[in-house]
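Working notes for the structure below.
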Amino acid sequence: TNHFPWLTIIVVLPISAGSLIFFLPHRGNRVIRWYTISICILELLLTTYAFCYHFQSGDPLIQLVEDYKWIDFFDFHWRLGIDGLSIGPILLTGFITTLATLAARPVTRDSRLFHFLMLAMYSGQIGLFSCRDLLLFFLMWELELIPVYLLLSMWGGKKRLYSATKFILYTAGGSVFLLMGVLGIGLYGSNEPTLNLEILANQSYPVALEIIFYIGFFIAFAVKLPIIPLHTWLPDTHGEAHYSTCMLLAGILLKMGAYGLVRINMELLPHAHSIFSPWLMIVGAMQIIYAASTSLGQRNLKKRIAYSSVSHMGFIIIGIGSITDTGLNGALLQIISHGFIGAALFFLAGTTYDRIRLVYLDEMGGIAIPMPKIFTMFSSFSMASLALPGMSGFVAELIVFFGLITSPKYLLMTKILITFVMAIGMILTPIYSLSMSRQMFYGYKIFNAPNSYFFDSGPRELFLSISIFLPILGIGMYPDFVLSLSVDKVEVILSNSFYR
């Protein structure tokens, strides 16, 4: 244990530096924007430094632990610590948030508040991924809601108030269940209330109580990682949000649900998880097909990408449901890879909207000739999204397939059935993504307009897309980068959850 509080600095720095934005002199957006970007980059460098030099990847235990008493009355500590499970999402958060603040075009309306909310989201996400205390987990979960609501309702599209209200109702309704589960687990079993995740991971419950806890947590996480039928806030929210908010939503907010599912439902409640996992597989397979076929019927470009990301979350659910280390590693890899791909697709959709001011796909067409660079980047990212071999999506879905097939828990027929359904889903994915790019970029419609000249992508868009494309290619070529972080931790989680 080192005595320098790395994680506390990493969690507290963005929001405390962001609150200094309001004291900056208001001389236009440039000062504020560069201040925010430098804070993000500083934070990213800090995290990479702390993880390179103070984190042993072979050790499945929790590292960089900090434990400060906060509220002594009911044993609430400021507990932070990371292990192989949370290091991937933390680095993904840093990367995507930096790129999203860079992607936000100079925000005209109230730019100080906008950048402060971006930094506050940064703090909340990293705090959620690195906390080792249940109540702190809940606090960070709620801290995430308020900036997203404000970003939606102030910088959204036309129906922004409707979608922001829908978002806050869904997620706050889900987090009520999360709070009840946290309090129930914390108060059960001993006269001293404990919220420490290490102590709770070894505690056993009666099966009925554990199932009730599991259902409560599962509803809370199913709203975030949209699991059918709780996914309907996602297309509305993504269809209306500003595209840098969209990058954060698609890249990180959806991953919070998956992370909570692994961290709480698998570590703390293993027996209930082994009871529920067949239903989890069925729901995941349904979700892949349902979201892919719904995505075909969307006219709105951003809604189509949002449904595609719902369909990709189905692979994560299947990987979590097949209780094998292969499947769980594939789910974690899919978390990282979809974080990059979804953020890039939303960024390109938003910057295309900035160019041509059209939202609906049937009004577009023929953009490829005036904007070849955007066409190239968009088609390459949609290839990555349909799991082209050599990109990260292919590796993740392949590993999830292997985890499902080698799972000892299921009968052969169910495995064949679910594999067949997943294969249909992987056939539907190229259909909608390629038809999307066909409707946008081919044809001749847009030249009927009098102003037939659009600017192609500038250096900023090019830099952003390339810096998201490189990790996708890197993970696709050598997935061991990400897998080596989580392998030992996954084995520890699965050795605790034995089969019934």
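Scheme for the structure tokens: letters A, B, ... for chains in order shown; per-chain residue numbers from 1; ligand numbers from 1 in order shown.
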
Report as a Markdown table: every residue of stretch 61-118 of chain A with an atom at most 12 Å from stretch 253-271 of chain A, its closest pair of atoms, and their distance in Å to one decimal, counting only C-alpha atoms, with rows sorted by chain and ascending residue number.
| residue | atom | partner | partner_atom | distance |
| --- | --- | --- | --- | --- |
| A:Ile82 | CA | A:Arg263 | CA | 11.7 |
| A:Asp83 | CA | A:Arg263 | CA | 10.9 |
| A:Gly84 | CA | A:Arg263 | CA | 11.5 |
| A:Leu85 | CA | A:Tyr259 | CA | 8.2 |
| A:Ser86 | CA | A:Tyr259 | CA | 7.9 |
| A:Ile87 | CA | A:Tyr259 | CA | 11.2 |
| A:Gly88 | CA | A:Tyr259 | CA | 10.5 |
| A:Pro89 | CA | A:Lys255 | CA | 7.6 |
| A:Ile90 | CA | A:Met256 | CA | 10.6 |
| A:Leu92 | CA | A:Lys255 | CA | 9.9 |
| A:Thr93 | CA | A:Leu253 | CA | 9.5 |
| A:Ile96 | CA | A:Leu253 | CA | 11.2 |
| A:Thr97 | CA | A:Leu253 | CA | 11.4 |

Keeping only C-alpha atoms, write the selected residues to a file as an mmCIF file, in the first residue's frame.
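Dumped everything to selection_31.cif:
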data_model
loop_
_atom_site.group_PDB
_atom_site.id
_atom_site.type_symbol
_atom_site.label_atom_id
_atom_site.label_comp_id
_atom_site.auth_asym_id
_atom_site.auth_seq_id
_atom_site.Cartn_x
_atom_site.Cartn_y
_atom_site.Cartn_z
ATOM 1 C CA ILE A 82 -9.449 -0.484 -8.010
ATOM 2 C CA ASP A 83 -8.997 -3.952 -9.365
ATOM 3 C CA GLY A 84 -8.805 -5.456 -12.839
ATOM 4 C CA LEU A 85 -12.520 -5.016 -13.376
ATOM 5 C CA SER A 86 -12.636 -1.270 -12.958
ATOM 6 C CA ILE A 87 -9.393 -0.181 -14.573
ATOM 7 C CA GLY A 88 -10.712 -0.588 -18.117
ATOM 8 C CA PRO A 89 -13.850 1.525 -17.651
ATOM 9 C CA ILE A 90 -11.863 4.218 -15.821
ATOM 10 C CA LEU A 92 -12.286 4.547 -21.148
ATOM 11 C CA THR A 93 -13.990 7.306 -19.169
ATOM 12 C CA ILE A 96 -14.019 9.545 -24.039
ATOM 13 C CA THR A 97 -14.574 12.546 -21.779
#

Original post:
Could you pull the residues within 10 Å of A:Ser244, counting only C-alpha atoms, minus those fewer than 5 positions along the same chain, as number ranges by chain?
Top reply: A: 96-97, 99-105, 118, 151, 249-250, 343, 346-347, 350-351

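The residue that comes closest to A:Ser274, out of A:Val207, A:Leu200, A:Ile472, A:Leu128 and on the basis of only C-alpha atoms, is A:Val207.
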
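Minimum atom-to-atom distance to A:Gly156, evaluated using only C-alpha atoms, belongs to A:Glu240 out of A:Asp480, A:Asp488, A:Glu240, A:Glu210.
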
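Secondary structure of stretch 94-323 of chain A, strand (DSSP E or B) only (DSSP, backbone atoms): Cys131, Asp133, Asn196 and Asn300 of chain A.
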
For A:Phe315, find every residue with an atom within 7 Å (counting only C-alpha atoms), except residues of its own chain fewer than 6 positions away, and show them as a compact mmCIF listing (two decimals) with all heavy atoms, in the first residue's frame.
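File written: out.txt
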# COMPACT_ATOMS: atom_id res chain seq x y z
N GLY A 284 -31.16 -11.38 -23.22
CA GLY A 284 -30.10 -10.82 -24.06
C GLY A 284 -30.28 -11.18 -25.52
O GLY A 284 -30.13 -10.35 -26.41
N ALA A 331 -17.62 -10.09 -22.26
CA ALA A 331 -18.53 -9.00 -21.93
C ALA A 331 -17.76 -7.75 -21.55
O ALA A 331 -18.11 -6.64 -21.99
CB ALA A 331 -19.46 -9.42 -20.79
N GLU A 397 -17.40 -10.10 -29.58
CA GLU A 397 -18.56 -10.97 -29.80
C GLU A 397 -18.12 -12.41 -29.97
O GLU A 397 -18.83 -13.34 -29.54
CB GLU A 397 -19.34 -10.47 -31.01
CG GLU A 397 -19.95 -9.11 -30.73
CD GLU A 397 -20.66 -8.50 -31.91
OE1 GLU A 397 -20.90 -9.23 -32.88
OE2 GLU A 397 -20.97 -7.30 -31.84
N VAL A 400 -17.58 -13.80 -26.55
CA VAL A 400 -18.87 -14.08 -25.91
C VAL A 400 -19.47 -15.37 -26.46
O VAL A 400 -20.01 -16.18 -25.70
CB VAL A 400 -19.83 -12.88 -26.11
CG1 VAL A 400 -21.22 -13.24 -25.69
CG2 VAL A 400 -19.37 -11.71 -25.29

For stretch 119-201 of chain A against stretch 212-230 of chain A, with a cut-off of 9 Å and counting only C-alpha atoms, what is the closest atom pair and its distance in Å to one decimal for every residue that makes the cut, ordered by chain and number, as a Markdown table?
| residue | atom | partner | partner_atom | distance |
| --- | --- | --- | --- | --- |
| A:Tyr170 | CA | A:Val223 | CA | 6.8 |
| A:Thr171 | CA | A:Val223 | CA | 6.3 |
| A:Ala172 | CA | A:Ala220 | CA | 8.9 |
| A:Gly173 | CA | A:Ala220 | CA | 8.0 |
| A:Gly174 | CA | A:Ala220 | CA | 4.2 |
| A:Ser175 | CA | A:Ala220 | CA | 5.4 |
| A:Val176 | CA | A:Ala220 | CA | 7.6 |
| A:Phe177 | CA | A:Gly216 | CA | 5.1 |
| A:Leu178 | CA | A:Phe217 | CA | 5.3 |
| A:Leu179 | CA | A:Phe217 | CA | 8.7 |
| A:Met180 | CA | A:Gly216 | CA | 7.4 |
| A:Gly181 | CA | A:Phe213 | CA | 5.6 |
| A:Val182 | CA | A:Phe217 | CA | 8.3 |
| A:Gly184 | CA | A:Phe213 | CA | 7.6 |
| A:Ile185 | CA | A:Phe213 | CA | 7.5 |

Would you export the selected residues with N, CA and C atoms as a compact mmCIF listing (two decimals), in the first residue's frame, please?
# COMPACT_ATOMS: atom_id res chain seq x y z
N TYR A 170 -37.10 7.71 -15.71
CA TYR A 170 -36.63 6.33 -15.79
C TYR A 170 -35.48 6.09 -14.82
N THR A 171 -34.45 6.93 -14.89
CA THR A 171 -33.25 6.60 -14.11
C THR A 171 -33.46 6.82 -12.62
N ALA A 172 -34.23 7.87 -12.26
CA ALA A 172 -34.48 8.06 -10.83
C ALA A 172 -35.38 6.96 -10.30
N GLY A 173 -36.35 6.52 -11.12
CA GLY A 173 -37.18 5.40 -10.70
C GLY A 173 -36.36 4.13 -10.50
N GLY A 174 -35.37 3.93 -11.39
CA GLY A 174 -34.51 2.77 -11.21
C GLY A 174 -33.64 2.89 -9.99
N SER A 175 -33.16 4.11 -9.69
CA SER A 175 -32.23 4.22 -8.57
C SER A 175 -32.93 4.15 -7.23
N VAL A 176 -34.28 4.28 -7.21
CA VAL A 176 -35.01 3.99 -5.97
C VAL A 176 -34.80 2.53 -5.58
N PHE A 177 -34.90 1.64 -6.59
CA PHE A 177 -34.65 0.22 -6.32
C PHE A 177 -33.22 0.01 -5.87
N LEU A 178 -32.30 0.75 -6.48
CA LEU A 178 -30.90 0.61 -6.09
C LEU A 178 -30.71 1.00 -4.63
N LEU A 179 -31.34 2.10 -4.22
CA LEU A 179 -31.20 2.54 -2.83
C LEU A 179 -31.79 1.52 -1.87
N MET A 180 -32.95 0.96 -2.23
CA MET A 180 -33.55 -0.04 -1.34
C MET A 180 -32.66 -1.27 -1.22
N GLY A 181 -32.06 -1.68 -2.35
CA GLY A 181 -31.17 -2.82 -2.28
C GLY A 181 -29.94 -2.55 -1.45
N VAL A 182 -29.37 -1.35 -1.61
CA VAL A 182 -28.18 -0.98 -0.84
C VAL A 182 -28.49 -0.99 0.65
N GLY A 184 -30.96 -2.54 2.18
CA GLY A 184 -31.28 -3.88 2.65
C GLY A 184 -30.03 -4.70 2.88
N ILE A 185 -29.10 -4.66 1.91
CA ILE A 185 -27.87 -5.43 2.06
C ILE A 185 -27.04 -4.89 3.22

Neighbours of stretch 41-57 of chain A within 7 Å (only C-alpha atoms; same-chain residues fewer than 4 positions away dropped), as a CSV table (one decimal) with N, CA, C and O atoms, in the first residue's frame?
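Printed below is result_21.csv as written:
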chain,number,residue,atom,x,y,z
A,6,TRP,N,-3.8,8.5,-4.4
A,6,TRP,CA,-4.0,8.7,-5.9
A,6,TRP,C,-5.5,8.8,-6.3
A,6,TRP,O,-5.9,9.7,-7.0
A,10,ILE,N,-7.7,11.7,-8.1
A,10,ILE,CA,-8.3,11.4,-9.5
A,10,ILE,C,-9.8,11.7,-9.5
A,10,ILE,O,-10.3,12.2,-10.4
A,37,ILE,N,-10.4,21.4,-21.4
A,37,ILE,CA,-9.6,20.4,-22.1
A,37,ILE,C,-8.3,20.1,-21.4
A,37,ILE,O,-7.9,18.9,-21.2
A,63,GLN,N,-6.5,-2.8,-5.1
A,63,GLN,CA,-5.2,-2.1,-4.9
A,63,GLN,C,-5.5,-0.6,-4.8
A,63,GLN,O,-6.6,-0.2,-5.1
A,84,GLY,N,-8.9,-5.3,-11.4
A,84,GLY,CA,-8.8,-5.5,-12.8
A,84,GLY,C,-10.1,-5.2,-13.5
A,84,GLY,O,-10.2,-4.9,-14.7
A,94,GLY,N,-11.8,8.4,-19.0
A,94,GLY,CA,-10.9,9.5,-19.2
A,94,GLY,C,-10.8,9.8,-20.7
A,94,GLY,O,-10.9,11.0,-21.1
A,95,PHE,N,-10.6,8.8,-21.5
A,95,PHE,CA,-10.4,9.0,-23.0
A,95,PHE,C,-11.6,9.7,-23.6
A,95,PHE,O,-11.5,10.7,-24.3
A,98,THR,N,-12.4,13.3,-22.5
A,98,THR,CA,-11.5,14.3,-23.1
A,98,THR,C,-11.9,14.6,-24.5
A,98,THR,O,-12.0,15.7,-24.9
A,485,LEU,N,-5.9,-7.3,-18.2
A,485,LEU,CA,-6.2,-6.6,-16.9
A,485,LEU,C,-7.2,-7.4,-16.1
A,485,LEU,O,-7.2,-7.4,-14.9

Original post:
For A:Ser337, which residue out of A:Gln203, A:Ser392, A:Gln439, A:Ser19 is the nearest one, using only C-alpha atoms?
Top reply: A:Ser392

**OP:** Quick one: everything within 6 Å of stretch 289-296 of chain A, counting only C-alpha atoms, minus sequence neighbours fewer than 5 positions away in the same chain. Send it as a PyMOL selection string.
**Re:** chain A and resi 304+307+311+425+432
